[in-house]
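Shown here: work26.pdb, PDB, C-alpha atoms.
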```pdb
ATOM      1  CA  PHE A   1     102.154 172.070 108.425
ATOM      2  CA  GLU A   2     105.204 172.926 106.370
ATOM      3  CA  THR A   3     106.279 171.319 103.110
ATOM      4  CA  ARG A   4     109.926 170.663 102.356
ATOM      5  CA  LYS A   5     111.968 170.410  99.164
ATOM      6  CA  GLN A   6     111.317 167.229  97.246
ATOM      7  CA  GLY A   7     114.050 164.788  96.326
ATOM      8  CA  ALA A   8     114.578 163.435  92.833
ATOM      9  CA  THR A   9     112.938 160.107  93.747
ATOM     10  CA  ALA A  10     109.917 161.586  95.533
ATOM     11  CA  GLY A  11     107.616 161.315  92.529
ATOM     12  CA  ASP A  12     104.207 162.786  93.376
ATOM     13  CA  ARG A  13     104.748 162.453  97.147
ATOM     14  CA  VAL A  14     104.983 165.577  99.265
ATOM     15  CA  TYR A  15     107.186 165.564 102.367
ATOM     16  CA  GLY A  16     106.614 167.971 105.198
ATOM     17  CA  LEU A  17     106.343 168.656 108.915
ATOM     18  CA  LEU A  18     103.234 168.657 111.101
ATOM     19  CA  PHE A  19     102.867 170.914 114.128
ATOM     20  CA  MET A  20     100.404 171.272 116.987
ATOM     21  CA  PRO A  21      99.991 174.045 119.564
ATOM     22  CA  SER A  22     102.218 173.572 122.590
ATOM     23  CA  PRO A  23     100.402 171.890 125.541
ATOM     24  CA  THR A  24     101.942 174.516 127.833
ATOM     25  CA  GLY A  25      99.751 177.172 126.223
ATOM     26  CA  ASP A  26     102.574 179.401 124.942
ATOM     27  CA  ASP A  27     103.133 180.471 121.332
ATOM     28  CA  THR A  28     105.633 177.711 120.486
ATOM     29  CA  LYS A  29     104.759 174.911 118.076
ATOM     30  CA  MET A  30     105.125 171.207 118.902
ATOM     31  CA  ASN A  31     106.653 169.111 116.119
ATOM     32  CA  ILE A  32     104.640 165.870 115.880
ATOM     33  CA  ALA A  33     107.580 163.823 114.543
ATOM     34  CA  VAL A  34     109.940 164.982 117.294
ATOM     35  CA  GLU A  35     107.362 164.247 120.008
ATOM     36  CA  ALA A  36     106.673 160.792 118.535
ATOM     37  CA  VAL A  37     110.384 159.997 118.787
ATOM     38  CA  ARG A  38     110.549 161.446 122.325
ATOM     39  CA  VAL A  39     107.838 159.081 123.655
ATOM     40  CA  GLY A  40     109.277 156.054 121.858
ATOM     41  CA  HIS A  41     106.601 155.698 119.204
ATOM     42  CA  ALA A  42     109.022 156.253 116.300
ATOM     43  CA  THR A  43     112.714 156.377 115.458
ATOM     44  CA  PRO A  44     114.394 158.895 113.121
ATOM     45  CA  LYS A  45     115.735 157.764 109.755
ATOM     46  CA  VAL A  46     118.732 160.119 110.013
ATOM     47  CA  LEU A  47     121.023 159.689 113.013
ATOM     48  CA  ILE A  48     123.694 162.280 113.748
ATOM     49  CA  GLN A  49     126.835 160.935 115.387
ATOM     50  CA  ALA A  50     128.525 163.062 118.062
ATOM     51  CA  GLU A  51     131.552 163.928 115.905
ATOM     52  CA  ASP A  52     129.325 164.783 112.934
ATOM     53  CA  GLU A  53     127.160 167.032 115.087
ATOM     54  CA  ASN A  54     130.181 169.043 116.230
ATOM     55  CA  ALA A  55     131.287 169.597 112.643
ATOM     56  CA  ILE A  56     127.796 170.536 111.487
ATOM     57  CA  ALA A  57     127.368 172.957 114.372
ATOM     58  CA  VAL A  58     130.283 175.009 113.084
ATOM     59  CA  GLU A  59     129.506 174.902 109.368
ATOM     60  CA  GLN A  60     125.696 175.015 109.188
ATOM     61  CA  GLU A  61     124.491 176.725 112.342
ATOM     62  CA  GLY A  62     120.909 177.927 111.817
ATOM     63  CA  ASP A  63     120.155 175.571 108.904
ATOM     64  CA  PRO A  64     116.520 174.392 109.502
ATOM     65  CA  VAL A  65     117.291 170.888 108.200
ATOM     66  CA  VAL A  66     120.224 170.524 110.578
ATOM     67  CA  GLU A  67     118.180 171.900 113.471
ATOM     68  CA  TYR A  68     115.386 169.402 112.731
ATOM     69  CA  GLU A  69     117.784 166.448 112.579
ATOM     70  CA  ARG A  70     119.417 167.621 115.803
ATOM     71  CA  ALA A  71     116.007 167.800 117.516
ATOM     72  CA  LEU A  72     115.190 164.264 116.349
ATOM     73  CA  ASN A  73     118.509 162.964 117.635
ATOM     74  CA  SER A  74     118.034 164.691 121.001
ATOM     75  CA  ALA A  75     114.526 163.249 121.314
ATOM     76  CA  LEU A  76     115.871 159.777 120.480
ATOM     77  CA  GLN A  77     118.521 159.953 123.204
ATOM     78  CA  GLU A  78     115.890 161.121 125.701
ATOM     79  CA  ALA A  79     113.575 158.230 124.786
ATOM     80  CA  LYS A  80     116.417 155.714 125.154
ATOM     81  CA  SER A  81     117.472 157.082 128.552
ATOM     82  CA  ASN A  82     113.870 157.001 129.799
ATOM     83  CA  GLY A  83     113.255 153.519 128.392
ATOM     84  CA  VAL A  84     109.887 154.417 126.836
ATOM     85  CA  GLY A  85     107.990 152.930 123.896
ATOM     86  CA  VAL A  86     110.097 150.754 121.611
ATOM     87  CA  HIS A  87     113.112 151.383 123.864
ATOM     88  CA  SER A  88     111.429 149.804 126.889
ATOM     89  CA  PRO A  89     113.240 146.752 128.322
ATOM     90  CA  SER A  90     109.887 144.905 128.198
ATOM     91  CA  PRO A  91     107.899 146.514 125.352
ATOM     92  CA  LEU A  92     104.161 145.906 125.119
ATOM     93  CA  VAL A  93     103.373 143.085 122.719
ATOM     94  CA  ARG A  94      99.726 142.710 121.829
ATOM     95  CA  PRO A  95      98.710 139.190 120.743
ATOM     96  CA  ILE A  96      96.344 140.133 117.905
ATOM     97  CA  LYS A  97      93.846 137.395 117.007
ATOM     98  CA  ASN A  98      91.401 137.294 114.105
ATOM     99  CA  ALA A  99      87.953 135.705 114.145
ATOM    100  CA  GLY A 100      87.722 132.606 111.982
ATOM    101  CA  GLU A 101      91.484 132.016 112.204
ATOM    102  CA  GLU A 102      92.740 132.056 115.819
ATOM    103  CA  PHE A 103      89.317 131.855 117.485
ATOM    104  CA  GLN A 104      85.653 131.311 116.696
ATOM    105  CA  THR A 105      83.231 134.219 116.978
ATOM    106  CA  LEU A 106      80.796 132.148 119.029
ATOM    107  CA  GLU A 107      83.604 131.525 121.513
ATOM    108  CA  LEU A 108      84.008 135.289 121.931
ATOM    109  CA  ILE A 109      80.272 135.771 122.468
ATOM    110  CA  GLU A 110      80.108 133.074 125.152
ATOM    111  CA  THR A 111      83.215 134.441 126.873
ATOM    112  CA  VAL A 112      81.760 137.963 126.981
ATOM    113  CA  LYS A 113      78.631 136.608 128.681
ATOM    114  CA  LYS A 114      80.769 134.871 131.327
ATOM    115  CA  LEU A 115      83.417 137.506 132.052
ATOM    116  CA  CYS A 116      82.168 140.969 131.074
ATOM    117  CA  VAL A 117      80.023 143.105 133.338
ATOM    118  CA  GLY A 118      76.617 143.784 131.824
ATOM    119  CA  ASN A 119      77.306 141.359 128.962
ATOM    120  CA  THR A 120      78.957 144.189 127.018
ATOM    121  CA  VAL A 121      82.506 144.226 125.671
ATOM    122  CA  THR A 122      84.687 147.321 125.203
ATOM    123  CA  CYS A 123      85.874 147.683 121.612
ATOM    124  CA  VAL A 124      87.254 150.194 119.129
ATOM    125  CA  ILE A 125      85.519 150.585 115.755
ATOM    126  CA  GLU A 126      88.549 150.269 113.473
ATOM    127  CA  TYR A 127      86.941 150.314 110.041
ATOM    128  CA  VAL A 128      83.494 150.906 108.557
ATOM    129  CA  PHE A 129      82.714 148.664 105.557
ATOM    130  CA  ASP A 130      79.255 150.182 105.163
ATOM    131  CA  GLY A 131      76.587 151.656 107.412
ATOM    132  CA  SER A 132      75.879 148.359 109.179
ATOM    133  CA  ARG A 133      79.151 146.374 108.990
ATOM    134  CA  PHE A 134      82.289 147.268 110.938
ATOM    135  CA  ARG A 135      85.749 145.910 111.684
ATOM    136  CA  VAL A 136      86.049 145.852 115.481
ATOM    137  CA  HIS A 137      89.072 145.554 117.786
ATOM    138  CA  VAL A 138      88.546 144.301 121.344
ATOM    139  CA  THR A 139      90.280 146.344 124.069
ATOM    140  CA  ASP A 140      88.371 145.071 127.122
ATOM    141  CA  PRO A 141      90.827 144.093 129.913
ATOM    142  CA  GLU A 142      88.227 141.660 131.304
ATOM    143  CA  LEU A 143      88.977 139.367 128.360
ATOM    144  CA  GLU A 144      92.726 139.263 128.969
ATOM    145  CA  GLN A 145      92.526 136.070 131.020
ATOM    146  CA  ALA A 146      90.691 134.363 128.157
ATOM    147  CA  GLY A 147      93.318 135.498 125.641
ATOM    148  CA  LEU A 148      90.753 137.487 123.664
ATOM    149  CA  GLN A 149      91.833 141.000 124.523
ATOM    150  CA  TYR A 150      93.015 142.622 121.253
ATOM    151  CA  ALA A 151      90.880 140.231 119.182
ATOM    152  CA  ASN A 152      89.514 141.391 115.818
ATOM    153  CA  PHE A 153      86.133 140.503 114.363
ATOM    154  CA  THR A 154      83.505 141.773 111.928
ATOM    155  CA  LEU A 155      80.353 143.187 113.505
ATOM    156  CA  ILE A 156      76.985 143.336 111.779
ATOM    157  CA  LEU A 157      74.770 145.968 113.350
ATOM    158  CA  GLY A 158      71.734 144.185 114.740
ATOM    159  CA  GLY A 159      68.296 145.075 113.430
ATOM    160  CA  VAL A 160      69.379 147.141 110.411
ATOM    161  CA  ALA A 161      70.843 146.668 106.938
ATOM    162  CA  SER A 162      72.474 149.571 105.107
ATOM    163  CA  PRO A 163      73.193 149.758 101.367
ATOM    164  CA  ARG A 164      76.398 147.987 100.376
ATOM    165  CA  VAL A 165      79.464 149.984  99.335
ATOM    166  CA  GLY A 166      80.985 148.910  96.024
ATOM    167  CA  ASN A 167      84.449 147.441  95.614
ATOM    168  CA  PRO A 168      86.500 149.022  92.792
ATOM    169  CA  ARG A 169      89.263 146.412  93.216
ATOM    170  CA  MET A 170      87.056 143.501  92.150
ATOM    171  CA  ASP A 171      87.094 142.246  88.577
ATOM    172  CA  PRO A 172      84.772 143.570  87.318
ATOM    173  CA  PRO A 173      84.394 146.431  89.848
ATOM    174  CA  THR A 174      81.112 146.538  91.776
ATOM    175  CA  GLN A 175      79.111 149.720  92.146
ATOM    176  CA  SER A 176      77.856 151.119  95.437
ATOM    177  CA  GLU A 177      74.147 150.833  96.082
ATOM    178  CA  PRO A 178      72.187 154.119  96.348
ATOM    179  CA  PHE A 179      72.954 156.027  99.563
ATOM    180  CA  ALA A 180      75.700 153.552 100.538
ATOM    181  CA  ASP A 181      78.412 156.215 100.714
ATOM    182  CA  GLN A 182      76.152 158.538 102.707
ATOM    183  CA  ALA A 183      75.375 155.772 105.216
ATOM    184  CA  ARG A 184      79.049 154.934 105.683
ATOM    185  CA  ALA A 185      79.988 158.596 106.125
ATOM    186  CA  PHE A 186      77.156 159.001 108.659
ATOM    187  CA  VAL A 187      78.521 156.128 110.761
ATOM    188  CA  GLU A 188      82.194 157.078 110.372
ATOM    189  CA  ALA A 189      81.528 160.555 111.744
ATOM    190  CA  ARG A 190      79.996 159.052 114.889
ATOM    191  CA  LEU A 191      81.729 155.722 115.558
ATOM    192  CA  LEU A 192      85.051 155.422 113.703
ATOM    193  CA  HIS A 193      88.077 154.999 116.031
ATOM    194  CA  ARG A 194      85.913 155.421 119.129
ATOM    195  CA  GLU A 195      86.067 153.074 122.097
ATOM    196  CA  LEU A 196      82.513 151.947 122.862
ATOM    197  CA  LYS A 197      80.563 149.189 124.582
ATOM    198  CA  ILE A 198      79.044 146.507 122.353
ATOM    199  CA  SER A 199      76.429 143.843 123.152
ATOM    200  CA  LEU A 200      76.857 140.645 121.130
ATOM    201  CA  HIS A 201      73.649 138.765 120.259
ATOM    202  CA  GLY A 202      74.845 135.973 117.959
ATOM    203  CA  THR A 203      76.447 135.307 114.582
ATOM    204  CA  ASP A 204      75.411 135.299 110.945
ATOM    205  CA  LYS A 205      74.942 132.018 109.080
ATOM    206  CA  SER A 206      78.674 131.817 108.294
ATOM    207  CA  GLY A 207      79.518 131.884 112.005
ATOM    208  CA  ILE A 208      82.329 134.385 111.391
ATOM    209  CA  CYS A 209      80.547 137.744 111.688
ATOM    210  CA  ALA A 210      79.036 138.735 115.034
ATOM    211  CA  VAL A 211      75.661 140.443 115.313
ATOM    212  CA  GLY A 212      75.473 143.121 117.979
ATOM    213  CA  THR A 213      74.400 146.516 119.251
ATOM    214  CA  VAL A 214      76.781 149.463 119.637
ATOM    215  CA  HIS A 215      76.079 151.535 122.755
ATOM    216  CA  HIS A 216      76.775 155.202 122.055
ATOM    217  CA  PRO A 217      76.196 157.860 124.740
ATOM    218  CA  LYS A 218      74.089 159.864 122.264
ATOM    219  CA  GLY A 219      71.749 156.999 121.341
ATOM    220  CA  ASN A 220      71.353 153.938 119.120
ATOM    221  CA  ILE A 221      73.212 154.295 115.811
ATOM    222  CA  GLY A 222      70.844 151.790 114.178
ATOM    223  CA  VAL A 223      67.811 153.905 115.014
ATOM    224  CA  GLU A 224      69.576 157.028 113.742
ATOM    225  CA  LEU A 225      70.344 155.319 110.430
ATOM    226  CA  LEU A 226      66.692 154.373 110.044
ATOM    227  CA  LYS A 227      65.516 157.896 110.928
ATOM    228  CA  ASN A 228      67.639 159.317 108.119
ATOM    229  CA  GLY A 229      66.607 156.748 105.537
ATOM    230  CA  LEU A 230      70.082 155.226 105.405
ATOM    231  CA  ALA A 231      69.056 151.674 106.351
ATOM    232  CA  ARG A 232      66.158 149.249 106.456
ATOM    233  CA  VAL A 233      65.046 146.997 109.308
ATOM    234  CA  SER A 234      66.744 143.598 109.053
ATOM    235  CA  ASP A 235      64.328 140.950 110.287
ATOM    236  CA  TRP A 236      66.827 138.093 110.563
ATOM    237  CA  SER A 237      69.217 140.007 112.832
ATOM    238  CA  ALA A 238      66.383 141.748 114.726
ATOM    239  CA  ARG A 239      65.188 138.327 115.908
ATOM    240  CA  MET A 240      68.416 137.974 117.941
ATOM    241  CA  MET A 241      67.839 141.218 119.819
ATOM    242  CA  ASN A 242      65.766 142.109 122.854
ATOM    243  CA  PRO A 243      62.130 142.330 121.611
ATOM    244  CA  LEU A 244      61.684 145.537 123.612
ATOM    245  CA  ASP A 245      64.269 147.288 121.403
ATOM    246  CA  ILE A 246      62.527 146.548 118.094
ATOM    247  CA  PRO A 247      59.555 149.003 118.263
ATOM    248  CA  ALA A 248      61.956 151.981 118.140
ATOM    249  CA  PHE A 249      63.430 150.550 114.929
ATOM    250  CA  ARG A 250      60.008 150.112 113.317
ATOM    251  CA  VAL A 251      58.891 153.614 114.270
ATOM    252  CA  ALA A 252      62.098 155.169 112.913
ATOM    253  CA  GLU A 253      61.785 153.300 109.607
ATOM    254  CA  ASN A 254      58.091 154.191 109.174
ATOM    255  CA  ASN A 255      58.771 157.867 109.896
ATOM    256  CA  ALA A 256      61.549 157.928 107.282
ATOM    257  CA  LYS A 257      59.172 156.478 104.663
ATOM    258  CA  ARG A 258      56.615 159.260 105.096
TER     259      ARG A 258
END
```

Any chance you could give the structure as structure tokens?
Amino acid sequence: FETRKQGATAGDRVYGLLFMPSPTGDDTKMNIAVEAVRVGHATPKVLIQAEDENAIAVEQEGDPVVEYERALNSALQEAKSNGVGVHSPSPLVRPIKNAGEEFQTLELIETVKKLCVGNTVTCVIEYVFDGSRFRVHVTDPELEQAGLQYANFTLILGGVASPRVGNPRMDPPTQSEPFADQARAFVEARLLHRELKISLHGTDKSGICAVGTVHHPKGNIGVELLKNGLARVSDWSARMMNPLDIPAFRVAENNAKR
């Protein structure tokens, strides 16, 4: 990355440019902002008009700021001509729905059982509240016909309960329980922003949070939490699961206690 000169109103913010290696394998650097504009995922704040560009070309040839603005403008024109991203004549609009507001969690669970192969739904783990509670975003195309693709809900990991993370914004602020931050970091490193299959078993007593199992190609995240002493077996949620899955949870917890 490269940092740039700060303006008078920047305060403690730092402005700069991010680069990645070129996908062609040569020694050139790919400017992330320029590429985002080129594929229609962003628009530049500074637009150079044709007459302005001709004047600048004469007076400030080689100025890195001018070259950057010119690259952004060129990428914008390319995106518009190709009709990509926000410049598409029919841009993708995702109807986001939230559990407890636009739909009931139990409705989602029943729909998954009817429409999804293997009774599992494809989701992205968007946020980790603590080691056993996640914010989940549905991406499964099999739920499009039911209007539940791109639905959001809170998932409680079945069979385990991790220490709760504190909330400094509450009045008074609440403190994290012991090992809560370690449990959240453990899960974030393995699940955060990953698209995975999830089995939904039921809901908590509020009916808003779903209880389920996350299927990771490397194993069961609940068992791994128990192995590392970052969770305890949760009897109330374990009763919703397949009884054949529970012995692995008990063994992992007992081994961590030794």

All residues 10 Å or closer to range 71-78 of chain A, only C-alpha atoms, same chain fewer than 2 positions away omitted, as a CSV table (one decimal) with C-alpha atoms, in the frame of the given file:
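Output saved as part-v9.csv:
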```csv
chain,number,residue,atom,x,y,z
A,31,ASN,CA,106.7,169.1,116.1
A,33,ALA,CA,107.6,163.8,114.5
A,34,VAL,CA,109.9,165.0,117.3
A,35,GLU,CA,107.4,164.2,120.0
A,36,ALA,CA,106.7,160.8,118.5
A,37,VAL,CA,110.4,160.0,118.8
A,38,ARG,CA,110.5,161.4,122.3
A,39,VAL,CA,107.8,159.1,123.7
A,40,GLY,CA,109.3,156.1,121.9
A,42,ALA,CA,109.0,156.3,116.3
A,43,THR,CA,112.7,156.4,115.5
A,44,PRO,CA,114.4,158.9,113.1
A,45,LYS,CA,115.7,157.8,109.8
A,46,VAL,CA,118.7,160.1,110.0
A,47,LEU,CA,121.0,159.7,113.0
A,48,ILE,CA,123.7,162.3,113.7
A,49,GLN,CA,126.8,160.9,115.4
A,53,GLU,CA,127.2,167.0,115.1
A,65,VAL,CA,117.3,170.9,108.2
A,66,VAL,CA,120.2,170.5,110.6
A,67,GLU,CA,118.2,171.9,113.5
A,68,TYR,CA,115.4,169.4,112.7
A,69,GLU,CA,117.8,166.4,112.6
A,80,LYS,CA,116.4,155.7,125.2
A,81,SER,CA,117.5,157.1,128.6
A,82,ASN,CA,113.9,157.0,129.8
A,83,GLY,CA,113.3,153.5,128.4
A,84,VAL,CA,109.9,154.4,126.8
A,87,HIS,CA,113.1,151.4,123.9
```

field: Distance criterion (all atoms listed in the file): nearest to Ile198 in chain A out of A:Thr122, A:Asn228, A:Ser237, A:Gln182
entry: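 Of the candidates, the smallest distance to Ile198 in chain A is held by A:Thr122.
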
field: Residues within 10 Å of Met241 in chain A, only C-alpha atoms, excluding chain neighbours under 6 positions, as a PyMOL selection string
entry: chain A and resi 158-159+199-202+211-213

query: Closest to Arg133 in chain A among A:Thr111, A:Thr105, A:Gly147, A:Val187, using only C-alpha atoms?
result: A:Val187

- prompt: What residues have an atom no more than 6 Å from (88.6, 143.1, 120.4) in the file's own frame, counting only C-alpha atoms, and can you write them as a PyMOL selection string?
  reply: chain A and resi 123+137-139+149-152

message: For a test of reading the model, state the distance in Å between CA of Thr203 in chain A and CA of Leu108 in chain A, rounded to one decimal.
response: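 Between CA of Thr203 in chain A and CA of Leu108 in chain A the gap is 10.5 Å.
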